[in-house]
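Student: Okay, so here is start06.txt, and as you'll see once you scroll down, it has compact mmCIF, C-alpha atoms (C1' of nucleotides).
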# COMPACT_ATOMS: atom_id res chain seq x y z
CA MET A 1 185.27 58.13 109.40
CA PHE A 2 183.39 58.34 106.11
CA ASP A 3 180.88 56.33 104.16
CA ILE A 4 181.25 54.13 101.14
CA ASN A 5 178.57 53.78 98.54
CA PRO A 6 179.15 50.45 96.76
CA SER A 7 176.54 51.24 94.11
CA ALA A 8 177.92 54.67 93.24
CA ALA A 9 179.35 55.43 89.84
CA SER A 10 182.83 56.07 91.18
CA PRO A 11 184.82 53.00 92.25
CA ILE A 12 185.26 52.14 95.89
CA TRP A 13 189.02 52.65 95.91
CA LEU A 14 188.51 56.23 94.69
CA GLN A 15 185.93 56.92 97.34
CA ILE A 16 188.33 55.71 100.00
CA GLU A 17 191.21 57.71 98.57
CA GLU A 18 189.17 60.90 98.51
CA GLY A 19 187.86 60.16 101.97
CA ILE A 20 191.36 59.99 103.41
CA ARG A 21 192.43 63.12 101.59
CA ARG A 22 189.38 64.91 102.92
CA MET A 23 190.17 63.98 106.49
CA ILE A 24 193.69 65.30 106.09
CA SER A 25 192.53 68.50 104.42
CA LEU A 26 190.13 69.17 107.25
CA GLY A 27 192.51 68.25 110.03
CA ALA A 28 190.64 65.16 111.16
CA LEU A 29 193.92 63.43 110.40
CA LYS A 30 197.07 65.34 111.24
CA PRO A 31 200.68 64.77 110.15
CA ALA A 32 202.23 61.71 111.81
CA ASP A 33 198.82 60.43 112.89
CA PRO A 34 198.32 56.73 112.35
CA VAL A 35 195.66 55.64 109.91
CA PRO A 36 193.70 52.47 110.59
CA SER A 37 195.35 49.23 109.57
CA VAL A 38 194.41 47.79 106.21
CA ARG A 39 192.31 45.09 107.82
CA ASP A 40 190.68 47.41 110.34
CA LEU A 41 189.61 49.97 107.79
CA ALA A 42 188.39 47.22 105.48
CA ARG A 43 186.25 45.83 108.27
CA THR A 44 184.93 49.26 109.21
CA LEU A 45 184.00 50.17 105.64
CA ARG A 46 182.86 46.62 104.89
CA VAL A 47 185.09 46.30 101.87
CA ASN A 48 187.85 43.93 100.91
CA PRO A 49 191.28 44.43 102.50
CA ASN A 50 192.90 44.34 99.08
CA THR A 51 190.94 47.38 98.04
CA VAL A 52 192.16 49.33 101.05
CA ALA A 53 195.71 48.11 100.51
CA ARG A 54 195.68 49.46 96.98
CA VAL A 55 194.56 52.85 98.24
CA TYR A 56 197.30 53.00 100.87
CA GLN A 57 199.88 52.17 98.23
CA ARG A 58 198.61 54.88 95.93
CA LEU A 59 198.59 57.44 98.72
CA THR A 60 202.07 56.38 99.77
CA GLU A 61 203.37 56.86 96.24
CA ALA A 62 201.71 60.28 96.21
CA GLY A 63 203.50 61.26 99.41
CA VAL A 64 200.34 61.52 101.47
CA LEU A 65 201.02 58.53 103.71
CA VAL A 66 204.18 56.82 104.89
CA VAL A 67 204.53 53.15 105.69
CA ARG A 68 206.56 51.70 108.53
CA ARG A 69 206.57 48.11 107.49
CA GLY A 70 205.30 45.70 110.07
CA GLU A 71 204.23 48.58 112.24
CA GLY A 72 201.62 50.58 110.47
CA THR A 73 200.78 53.42 108.10
CA TYR A 74 200.87 57.09 109.04
CA VAL A 75 200.03 60.46 107.64
CA ALA A 76 203.19 61.97 106.17
CA ASP A 77 204.90 64.78 108.07
CA VAL A 78 204.12 67.07 105.17
CA PRO A 79 201.23 65.36 103.38
CA GLN A 80 201.43 66.27 99.73
CA GLN A 81 198.51 68.10 98.25
CA PRO A 82 197.77 67.54 94.57
CA LYS A 83 199.70 69.88 92.33
CA LYS A 84 197.89 73.03 91.38
CA SER A 85 197.29 71.81 87.86
CA GLU A 86 196.02 68.47 89.07
CA LYS A 87 193.79 70.10 91.63
CA HIS A 88 192.22 72.29 88.99
CA GLU A 89 191.76 69.37 86.68
CA LYS A 90 189.96 67.27 89.26
CA LEU A 91 187.85 70.20 90.32
CA ARG A 92 186.89 70.96 86.75
CA ASP A 93 186.07 67.34 85.98
CA GLY A 94 183.96 67.09 89.09
CA ALA A 95 182.16 70.32 88.30
CA THR A 96 181.48 69.18 84.75
CA ALA A 97 180.00 65.90 85.95
CA TYR A 98 177.80 67.63 88.49
CA ALA A 99 176.69 70.37 86.14
CA GLY A 100 175.89 67.71 83.56
CA THR A 101 173.70 65.86 86.02
CA ALA A 102 171.98 69.03 87.12
CA LEU A 103 171.13 69.97 83.54
CA ALA A 104 169.99 66.43 82.81
CA VAL A 105 167.43 66.47 85.62
CA GLY A 106 166.33 69.99 84.78
CA ALA A 107 167.82 71.77 87.77
CA GLY A 108 168.87 75.41 87.58
CA VAL A 109 172.25 76.82 88.55
CA ASP A 110 170.96 78.21 91.79
CA GLU A 111 169.35 74.96 92.76
CA ALA A 112 172.54 73.06 91.97
CA ALA A 113 174.69 75.55 93.87
CA ALA A 114 172.44 75.40 96.90
CA GLU A 115 172.60 71.62 96.97
CA LEU A 116 176.37 71.83 96.62
CA GLU A 117 176.70 74.08 99.64
CA ARG A 118 174.51 71.76 101.65
CA SER A 119 176.67 68.77 100.80
CA TYR A 120 179.89 70.66 101.37
CA ASP A 121 178.80 71.83 104.80
CA ARG A 122 177.54 68.42 105.76
CA LEU A 123 180.80 66.69 104.82
CA SER A 124 182.86 69.37 106.56
CA ARG A 125 180.89 69.10 109.74
CA GLU A 126 180.99 65.32 109.82
CA LEU A 127 184.76 65.31 109.60
CA ARG A 128 185.58 68.29 111.78
CA ARG A 129 183.64 66.62 114.54
CA LYS A 130 186.49 64.11 114.82
CA ALA A 131 189.38 66.53 114.46
CA MET B 1 176.45 67.13 70.39
CA PHE B 2 178.32 66.31 73.59
CA ASP B 3 181.55 64.70 74.62
CA ILE B 4 182.27 61.30 76.09
CA ASN B 5 185.09 60.65 78.49
CA PRO B 6 185.95 56.94 78.28
CA SER B 7 188.27 57.16 81.27
CA ALA B 8 185.79 58.91 83.53
CA ALA B 9 184.46 57.27 86.65
CA SER B 10 180.90 57.19 85.40
CA PRO B 11 180.12 54.61 82.73
CA ILE B 12 179.76 55.60 79.10
CA TRP B 13 176.11 54.65 78.84
CA LEU B 14 175.30 57.00 81.72
CA GLN B 15 177.22 59.84 80.11
CA ILE B 16 175.26 59.36 76.91
CA GLU B 17 171.95 59.13 78.74
CA GLU B 18 172.59 62.34 80.63
CA GLY B 19 173.80 64.00 77.45
CA ILE B 20 170.53 63.29 75.68
CA ARG B 21 168.47 64.41 78.65
CA ARG B 22 170.49 67.63 78.79
CA MET B 23 169.81 68.40 75.15
CA ILE B 24 166.10 67.91 75.70
CA SER B 25 166.07 70.00 78.87
CA LEU B 26 167.77 72.84 77.06
CA GLY B 27 165.70 72.65 73.92
CA ALA B 28 168.51 71.51 71.66
CA LEU B 29 166.24 68.54 71.04
CA LYS B 30 162.53 69.28 70.86
CA PRO B 31 159.52 66.96 71.05
CA ALA B 32 159.14 64.84 67.89
CA ASP B 33 162.68 65.65 66.78
CA PRO B 34 164.63 62.68 65.47
CA VAL B 35 167.69 61.61 67.38
CA PRO B 36 170.70 60.23 65.49
CA SER B 37 170.53 56.59 64.56
CA VAL B 38 172.22 54.12 66.85
CA ARG B 39 175.07 53.61 64.42
CA ASP B 40 175.46 57.29 63.61
CA LEU B 41 175.66 58.38 67.21
CA ALA B 42 178.04 55.54 67.99
CA ARG B 43 180.33 56.66 65.20
CA THR B 44 180.14 60.30 66.28
CA LEU B 45 180.92 59.54 69.92
CA ARG B 46 183.41 56.81 68.96
CA VAL B 47 181.75 54.19 71.09
CA ASN B 48 180.19 50.85 70.35
CA PRO B 49 176.71 50.78 68.78
CA ASN B 50 175.55 48.36 71.46
CA THR B 51 176.22 50.96 74.11
CA VAL B 52 174.10 53.53 72.32
CA ALA B 53 171.35 51.00 71.70
CA ARG B 54 171.11 50.26 75.40
CA VAL B 55 170.76 53.96 76.17
CA TYR B 56 167.98 54.39 73.60
CA GLN B 57 166.15 51.47 75.13
CA ARG B 58 166.46 52.87 78.62
CA LEU B 59 165.25 56.27 77.50
CA THR B 60 162.38 54.68 75.62
CA GLU B 61 161.30 52.79 78.73
CA ALA B 62 161.52 56.05 80.67
CA GLY B 63 159.23 57.75 78.18
CA VAL B 64 161.83 60.17 76.92
CA LEU B 65 162.19 58.72 73.45
CA VAL B 66 159.86 56.81 71.17
CA VAL B 67 160.90 54.23 68.60
CA ARG B 68 159.37 53.77 65.19
CA ARG B 69 160.86 50.45 64.31
CA GLY B 70 162.75 50.33 61.07
CA GLU B 71 162.43 54.07 60.74
CA GLY B 72 164.16 55.74 63.62
CA THR B 73 164.02 57.07 67.15
CA TYR B 74 162.43 60.35 68.14
CA VAL B 75 162.00 62.57 71.14
CA ALA B 76 158.65 61.83 72.75
CA ASP B 77 155.84 64.33 72.30
CA VAL B 78 155.93 64.97 76.03
CA PRO B 79 159.40 63.80 77.10
CA GLN B 80 159.18 62.59 80.68
CA GLN B 81 161.30 64.35 83.26
CA PRO B 82 162.55 62.36 86.26
CA LYS B 83 160.12 62.32 89.16
CA LYS B 84 160.67 65.00 91.76
CA SER B 85 162.03 62.52 94.28
CA GLU B 86 164.38 61.00 91.73
CA LYS B 87 165.53 64.40 90.58
CA HIS B 88 166.40 65.37 94.12
CA GLU B 89 168.18 62.12 94.75
CA LYS B 90 170.36 62.43 91.68
CA LEU B 91 171.09 66.05 92.44
CA ARG B 92 172.05 65.26 96.01
CA ASP B 93 174.26 62.33 94.99
CA GLY B 94 175.99 64.48 92.40
CA ALA B 95 176.49 67.28 94.88
CA THR B 96 177.92 64.89 97.44
CA ALA B 97 180.40 63.49 94.95
CA TYR B 98 181.51 66.93 93.82
CA ALA B 99 181.75 68.31 97.34
CA GLY B 100 183.79 65.27 98.31
CA THR B 101 186.22 65.87 95.50
CA ALA B 102 186.48 69.56 96.30
CA LEU B 103 187.30 68.83 99.92
CA ALA B 104 189.78 66.14 98.91
CA VAL B 105 191.79 68.54 96.76
CA GLY B 106 191.58 71.29 99.35
CA ALA B 107 189.21 73.60 97.51
CA GLY B 108 186.90 75.95 99.39
CA VAL B 109 183.14 76.24 98.91
CA ASP B 110 183.47 79.43 96.93
CA GLU B 111 186.08 77.97 94.66
CA ALA B 112 183.93 74.89 94.08
CA ALA B 113 180.81 76.97 93.46
CA ALA B 114 182.62 79.20 91.00
CA GLU B 115 183.88 76.22 89.06
CA LEU B 116 180.38 74.78 89.06
CA GLU B 117 178.93 77.93 87.54
CA ARG B 118 181.62 77.94 84.90
CA SER B 119 180.85 74.35 83.91
CA TYR B 120 177.11 74.93 84.01
CA ASP B 121 177.36 77.97 81.75
CA ARG B 122 179.71 76.23 79.39
CA LEU B 123 177.45 73.20 78.97
CA SER B 124 174.39 75.39 78.57
CA ARG B 125 176.02 77.51 75.93
CA GLU B 126 177.36 74.55 73.99
CA LEU B 127 173.91 73.04 73.73
CA ARG B 128 171.85 76.15 73.22
CA ARG B 129 174.02 76.94 70.25
CA LYS B 130 172.33 74.05 68.43
CA ALA B 131 168.79 74.70 69.59
C1' DA C 1 162.46 43.28 43.92
C1' DC C 2 166.56 45.64 45.34
C1' DT C 3 169.10 48.53 48.32
C1' DA C 4 169.99 51.08 52.27
C1' DC C 5 168.82 52.43 56.04
C1' DT C 6 166.27 51.77 60.87
C1' DG C 7 166.17 49.21 65.88
C1' DT C 8 166.99 44.74 68.01
C1' DA C 9 169.27 40.44 69.46
C1' DC C 10 172.87 37.39 70.32
C1' DT C 11 177.52 35.43 71.15
C1' DA C 12 182.16 36.07 72.36
C1' DG C 13 186.14 38.42 74.16
C1' DA C 14 188.90 42.07 76.99
C1' DT C 15 189.14 44.93 80.78
C1' DT C 16 188.27 46.61 85.23
C1' DG C 17 186.66 46.50 89.92
C1' DA C 18 185.87 43.90 93.81
C1' DT C 19 185.95 39.79 96.58
C1' DA C 20 188.06 35.65 98.75
C1' DA C 21 191.62 32.96 100.63
C1' DT C 22 196.24 32.20 101.46
C1' DA C 23 200.97 33.13 102.36
C1' DC C 24 205.15 35.75 103.59
C1' DA C 25 208.17 39.21 105.84
C1' DG C 26 208.77 42.81 109.33
C1' DT C 27 207.69 44.82 114.18
C1' DG C 28 206.39 44.89 119.03
C1' DT C 29 204.80 42.52 123.25
C1' DT C 30 204.67 38.98 126.20
C1' DA D 1 210.56 31.77 121.33
C1' DA D 2 205.75 32.59 120.65
C1' DC D 3 202.20 35.43 119.43
C1' DA D 4 199.58 39.08 117.43
C1' DC D 5 199.73 42.45 114.91
C1' DT D 6 201.55 45.29 110.68
C1' DG D 7 201.97 45.84 105.06
C1' DT D 8 202.64 43.10 100.89
C1' DA D 9 202.00 39.59 97.31
C1' DT D 10 199.70 36.05 94.73
C1' DT D 11 196.05 33.41 92.74
C1' DA D 12 191.35 32.53 91.66
C1' DT D 13 186.71 33.94 90.94
C1' DC D 14 182.73 36.85 89.94
C1' DA D 15 180.18 40.76 88.02
C1' DA D 16 179.84 44.90 85.29
C1' DT D 17 181.21 47.47 81.30
C1' DC D 18 182.62 47.93 76.82
C1' DT D 19 183.91 46.23 72.40
C1' DA D 20 183.41 43.35 68.15
C1' DG D 21 181.03 40.91 64.87
C1' DT D 22 177.06 38.94 63.03
C1' DA D 23 172.31 38.36 62.13
C1' DC D 24 167.36 39.46 61.76
C1' DA D 25 162.98 42.12 61.14
C1' DG D 26 160.83 46.44 59.80
C1' DT D 27 160.59 50.82 56.80
C1' DA D 28 161.52 53.86 52.86
C1' DG D 29 163.22 55.09 48.25
C1' DT D 30 164.67 53.63 43.90
Mind turning this structure into structure tokens?
Tutor:
Amino acid sequence: MFDINPSAASPIWLQIEEGIRRMISLGALKPADPVPSVRDLARTLRVNPNTVARVYQRLTEAGVLVVRRGEGTYVADVPQQPKKSEKHEKLRDGATAYAGTALAVGAGVDEAAAELERSYDRLSRELRRKA
Amino acid sequence: MFDINPSAASPIWLQIEEGIRRMISLGALKPADPVPSVRDLARTLRVNPNTVARVYQRLTEAGVLVVRRGEGTYVADVPQQPKKSEKHEKLRDGATAYAGTALAVGAGVDEAAAELERSYDRLSRELRRKA
DNA sequence: ACTACTGTACTAGATTGATAATACAGTGTT
DNA sequence: AACACTGTATTATCAATCTAGTACAGTAGT
């Protein structure tokens, strides 16, 4: 699945939300696939079920997941990707945060870019392994 | 100076801390230079003075700033950079977070790297302008 | 001395994120 | 019908963050 870092700057619910979106983007979760139940995923990630429930609700509102009440939660037939504007905004915000950190610790562009590629490849590989 | 995003995932005090470290890394703040007073910086960034005070204390403990009580706070003569291990850790964590976001919104490595360079250049330019 | 700045300290509230425990309604299996 | 699962809802509690207001000690200029 993916890992949660409870001591990270970004809140747990966001980490879970991005984790699910990543798995869908990479095909580790395909349309109509079931996602783990709220309680299962909470146990796996060692977080509170309420936190997972909130994420599923958000992703359902966003059209990424669909709920069949009493039965389970599934990836939507056509999982919505963020709108182009929203995608760019999140990408830009993320890039700004990372660039800010890199500059703060005295890392050059090349160093930062190299580390980015490493992380990107690692995350891709981890998820594609389960596709 | 730099901007604060109150609704960002990372806490305000961290944004301020990294902002100061960036300015020193880029030479916008040089050794022995005075930094704005707690109240001044708080007013400029539109945050609470307590938040700025905590950052100054952290940076003083880290050997980045020095305090002359009753007079002001200054950049240390030899502002400490994070240790190599700590630098790498922060860089890796930042890269992981950014790569995770990029994958979540369906952006490719190249797209993410391009956006990173843009942000890096922008931040550099903004700060070098005041050096 | 007076004034106006420094950093520092403290208390008190609001908000947010996360946890914990419980309960309820819907579905499928036995 | 009984049971074991689903998602959902509610309430309470705790910690972290940020804000607000106030106060105090040190320094500099008038």
Student: What does chain A look like after a least-squares fit onto chain B on every Cα paired in order, written as a JSON list (two decimals) with C-alpha atoms, in the coordinates of the input?
Tutor:
[["chain", "number", "residue", "atom", "x", "y", "z"],
["A", 1, "MET", "CA", 176.31, 67.13, 70.29],
["A", 2, "PHE", "CA", 178.26, 66.36, 73.45],
["A", 3, "ASP", "CA", 181.52, 64.75, 74.44],
["A", 4, "ILE", "CA", 182.30, 61.39, 75.91],
["A", 5, "ASN", "CA", 185.13, 60.82, 78.30],
["A", 6, "PRO", "CA", 186.04, 57.11, 78.12],
["A", 7, "SER", "CA", 188.38, 57.39, 81.10],
["A", 8, "ALA", "CA", 185.88, 59.12, 83.38],
["A", 9, "ALA", "CA", 184.58, 57.48, 86.51],
["A", 10, "SER", "CA", 181.01, 57.34, 85.26],
["A", 11, "PRO", "CA", 180.26, 54.73, 82.59],
["A", 12, "ILE", "CA", 179.85, 55.71, 78.97],
["A", 13, "TRP", "CA", 176.20, 54.71, 78.76],
["A", 14, "LEU", "CA", 175.41, 57.09, 81.64],
["A", 15, "GLN", "CA", 177.28, 59.92, 80.00],
["A", 16, "ILE", "CA", 175.29, 59.40, 76.83],
["A", 17, "GLU", "CA", 172.01, 59.17, 78.70],
["A", 18, "GLU", "CA", 172.67, 62.40, 80.57],
["A", 19, "GLY", "CA", 173.84, 64.04, 77.38],
["A", 20, "ILE", "CA", 170.55, 63.31, 75.64],
["A", 21, "ARG", "CA", 168.54, 64.45, 78.62],
["A", 22, "ARG", "CA", 170.54, 67.66, 78.72],
["A", 23, "MET", "CA", 169.84, 68.42, 75.09],
["A", 24, "ILE", "CA", 166.13, 67.93, 75.67],
["A", 25, "SER", "CA", 166.13, 70.03, 78.83],
["A", 26, "LEU", "CA", 167.82, 72.87, 77.00],
["A", 27, "GLY", "CA", 165.73, 72.64, 73.87],
["A", 28, "ALA", "CA", 168.53, 71.49, 71.60],
["A", 29, "LEU", "CA", 166.24, 68.53, 71.01],
["A", 30, "LYS", "CA", 162.54, 69.26, 70.85],
["A", 31, "PRO", "CA", 159.54, 66.92, 71.08],
["A", 32, "ALA", "CA", 159.13, 64.78, 67.95],
["A", 33, "ASP", "CA", 162.66, 65.60, 66.80],
["A", 34, "PRO", "CA", 164.58, 62.62, 65.50],
["A", 35, "VAL", "CA", 167.67, 61.55, 67.38],
["A", 36, "PRO", "CA", 170.62, 60.15, 65.46],
["A", 37, "SER", "CA", 170.43, 56.49, 64.55],
["A", 38, "VAL", "CA", 172.16, 54.04, 66.84],
["A", 39, "ARG", "CA", 174.97, 53.52, 64.38],
["A", 40, "ASP", "CA", 175.35, 57.20, 63.54],
["A", 41, "LEU", "CA", 175.59, 58.33, 67.13],
["A", 42, "ALA", "CA", 177.98, 55.48, 67.91],
["A", 43, "ARG", "CA", 180.22, 56.59, 65.08],
["A", 44, "THR", "CA", 180.04, 60.23, 66.12],
["A", 45, "LEU", "CA", 180.87, 59.51, 69.75],
["A", 46, "ARG", "CA", 183.34, 56.79, 68.78],
["A", 47, "VAL", "CA", 181.69, 54.20, 70.96],
["A", 48, "ASN", "CA", 180.15, 50.83, 70.29],
["A", 49, "PRO", "CA", 176.66, 50.73, 68.76],
["A", 50, "ASN", "CA", 175.52, 48.35, 71.47],
["A", 51, "THR", "CA", 176.25, 50.94, 74.10],
["A", 52, "VAL", "CA", 174.11, 53.51, 72.32],
["A", 53, "ALA", "CA", 171.36, 50.95, 71.76],
["A", 54, "ARG", "CA", 171.19, 50.26, 75.47],
["A", 55, "VAL", "CA", 170.81, 53.96, 76.19],
["A", 56, "TYR", "CA", 168.00, 54.36, 73.67],
["A", 57, "GLN", "CA", 166.18, 51.43, 75.23],
["A", 58, "ARG", "CA", 166.52, 52.87, 78.70],
["A", 59, "LEU", "CA", 165.31, 56.27, 77.56],
["A", 60, "THR", "CA", 162.42, 54.67, 75.72],
["A", 61, "GLU", "CA", 161.36, 52.79, 78.84],
["A", 62, "ALA", "CA", 161.58, 56.07, 80.75],
["A", 63, "GLY", "CA", 159.27, 57.76, 78.26],
["A", 64, "VAL", "CA", 161.89, 60.18, 76.99],
["A", 65, "LEU", "CA", 162.20, 58.70, 73.51],
["A", 66, "VAL", "CA", 159.84, 56.77, 71.27],
["A", 67, "VAL", "CA", 160.85, 54.17, 68.73],
["A", 68, "ARG", "CA", 159.28, 53.70, 65.33],
["A", 69, "ARG", "CA", 160.74, 50.37, 64.45],
["A", 70, "GLY", "CA", 162.59, 50.25, 61.19],
["A", 71, "GLU", "CA", 162.27, 53.98, 60.87],
["A", 72, "GLY", "CA", 164.07, 55.64, 63.69],
["A", 73, "THR", "CA", 163.97, 56.99, 67.23],
["A", 74, "TYR", "CA", 162.40, 60.30, 68.22],
["A", 75, "VAL", "CA", 162.01, 62.55, 71.19],
["A", 76, "ALA", "CA", 158.67, 61.81, 72.83],
["A", 77, "ASP", "CA", 155.84, 64.31, 72.37],
["A", 78, "VAL", "CA", 155.95, 64.95, 76.09],
["A", 79, "PRO", "CA", 159.43, 63.80, 77.14],
["A", 80, "GLN", "CA", 159.23, 62.61, 80.71],
["A", 81, "GLN", "CA", 161.35, 64.40, 83.23],
["A", 82, "PRO", "CA", 162.58, 62.40, 86.21],
["A", 83, "LYS", "CA", 160.12, 62.39, 89.07],
["A", 84, "LYS", "CA", 160.66, 65.05, 91.66],
["A", 85, "SER", "CA", 162.01, 62.57, 94.16],
["A", 86, "GLU", "CA", 164.34, 61.04, 91.62],
["A", 87, "LYS", "CA", 165.53, 64.43, 90.49],
["A", 88, "HIS", "CA", 166.38, 65.41, 94.03],
["A", 89, "GLU", "CA", 168.13, 62.15, 94.63],
["A", 90, "LYS", "CA", 170.35, 62.47, 91.59],
["A", 91, "LEU", "CA", 171.08, 66.07, 92.37],
["A", 92, "ARG", "CA", 171.99, 65.25, 95.94],
["A", 93, "ASP", "CA", 174.20, 62.34, 94.91],
["A", 94, "GLY", "CA", 175.95, 64.49, 92.36],
["A", 95, "ALA", "CA", 176.45, 67.29, 94.85],
["A", 96, "THR", "CA", 177.83, 64.88, 97.43],
["A", 97, "ALA", "CA", 180.34, 63.47, 94.95],
["A", 98, "TYR", "CA", 181.47, 66.92, 93.88],
["A", 99, "ALA", "CA", 181.65, 68.30, 97.39],
["A", 100, "GLY", "CA", 183.64, 65.24, 98.40],
["A", 101, "THR", "CA", 186.14, 65.84, 95.62],
["A", 102, "ALA", "CA", 186.41, 69.51, 96.44],
["A", 103, "LEU", "CA", 187.16, 68.77, 100.09],
["A", 104, "ALA", "CA", 189.63, 66.07, 99.11],
["A", 105, "VAL", "CA", 191.71, 68.46, 97.02],
["A", 106, "GLY", "CA", 191.45, 71.21, 99.61],
["A", 107, "ALA", "CA", 189.13, 73.53, 97.73],
["A", 108, "GLY", "CA", 186.79, 75.89, 99.57],
["A", 109, "VAL", "CA", 183.05, 76.21, 99.02],
["A", 110, "ASP", "CA", 183.41, 79.39, 97.07],
["A", 111, "GLU", "CA", 186.04, 77.94, 94.82],
["A", 112, "ALA", "CA", 183.91, 74.87, 94.19],
["A", 113, "ALA", "CA", 180.81, 76.96, 93.52],
["A", 114, "ALA", "CA", 182.65, 79.19, 91.10],
["A", 115, "GLU", "CA", 183.95, 76.22, 89.16],
["A", 116, "LEU", "CA", 180.43, 74.79, 89.12],
["A", 117, "GLU", "CA", 178.99, 77.93, 87.58],
["A", 118, "ARG", "CA", 181.71, 77.95, 84.97],
["A", 119, "SER", "CA", 180.94, 74.38, 83.97],
["A", 120, "TYR", "CA", 177.21, 74.93, 84.03],
["A", 121, "ASP", "CA", 177.45, 77.97, 81.78],
["A", 122, "ARG", "CA", 179.82, 76.25, 79.42],
["A", 123, "LEU", "CA", 177.57, 73.21, 78.99],
["A", 124, "SER", "CA", 174.49, 75.40, 78.56],
["A", 125, "ARG", "CA", 176.12, 77.51, 75.92],
["A", 126, "GLU", "CA", 177.46, 74.56, 73.98],
["A", 127, "LEU", "CA", 174.02, 73.03, 73.71],
["A", 128, "ARG", "CA", 171.93, 76.14, 73.21],
["A", 129, "ARG", "CA", 174.10, 76.94, 70.24],
["A", 130, "LYS", "CA", 172.41, 74.05, 68.42],
["A", 131, "ALA", "CA", 168.86, 74.68, 69.58]]
Student: Which residue is closest to DT6 (chain C)? Choose from B:Gly100, B:Gly94, B:Gly70, B:Pro11 and count all atoms listed in the file.
Tutor: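 Closest to DT6 (chain C), using all atoms listed in the file: B:Gly70.
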Student: Compile a residue-level contact table for chain B against chain D at a cut-off of 7 Å, reporting for every qualifying residue the shortest atom pair and its distance in Å to one decimal, with all atoms listed in the file counted, rows ordered by chain and ascending number, as a Markdown table.
Tutor:
| residue | atom | partner | partner_atom | distance |
| --- | --- | --- | --- | --- |
| B:Asn48 | CA | D:DT19 | C1' | 6.3 |
| B:Arg69 | CA | D:DG26 | C1' | 6.0 |
| B:Gly70 | CA | D:DG26 | C1' | 4.5 |
| B:Glu71 | CA | D:DT27 | C1' | 5.4 |
Student: Kindly export the residues of the current selection with C-alpha atoms, as an mmCIF file, in the frame of the given file.
Tutor:
data_model
loop_
_atom_site.group_PDB
_atom_site.id
_atom_site.type_symbol
_atom_site.label_atom_id
_atom_site.label_comp_id
_atom_site.auth_asym_id
_atom_site.auth_seq_id
_atom_site.Cartn_x
_atom_site.Cartn_y
_atom_site.Cartn_z
ATOM 1 C CA ASN B 48 180.190 50.850 70.350
ATOM 2 C CA ARG B 69 160.860 50.450 64.310
ATOM 3 C CA GLY B 70 162.750 50.330 61.070
ATOM 4 C CA GLU B 71 162.430 54.070 60.740
#
Student: Counting all atoms listed in the file, which residues of chain C fall within 10 Å of chain B, and what is the closest atom pair for each with its distance in Å at one decimal, ordered by chain and rising number, as a Markdown table?
Tutor:
| residue | atom | partner | partner_atom | distance |
| --- | --- | --- | --- | --- |
| C:DC5 | C1' | B:Glu71 | CA | 8.1 |
| C:DT6 | C1' | B:Gly70 | CA | 3.8 |
| C:DG7 | C1' | B:Arg69 | CA | 5.7 |
| C:DT8 | C1' | B:Ala53 | CA | 8.5 |
Student: Can you write out the residues you just picked, keeping C-alpha atoms (C1' of nucleotides), as a PDB file, in the coordinates of the input?
Tutor:
ATOM      1  C1'  DC C   5     168.820  52.430  56.040  1.00  0.00           C
ATOM      2  C1'  DT C   6     166.270  51.770  60.870  1.00  0.00           C
ATOM      3  C1'  DG C   7     166.170  49.210  65.880  1.00  0.00           C
ATOM      4  C1'  DT C   8     166.990  44.740  68.010  1.00  0.00           C
TER       5       DT C   8
END
Student: From the set B:Glu89, B:Asp3, B:Asp33, B:Glu115, which residue has the shortest atom-to-atom contact distance to chain A, counting all atoms listed in the file?
Tutor: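 Going through B:Glu89, B:Asp3, B:Asp33, B:Glu115 one by one, the smallest distance to chain A is for B:Glu115.
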Student: May I ask you to extract the residues of chain A within 10 Å of chain B, using only C-alpha atoms, and to give them as JSON, numbers by chain?
Tutor: {"A": [8, 9, 10, 11, 14, 15, 17, 18, 19, 20, 21, 22, 23, 24, 25, 26, 81, 82, 83, 84, 86, 87, 88, 90, 91, 92, 93, 94, 95, 96, 97, 98, 99, 100, 101, 102, 103, 104, 105, 106, 107, 108, 109, 110, 111, 112, 113, 114, 115, 116, 117, 118, 119, 120, 121, 122, 123, 124]}
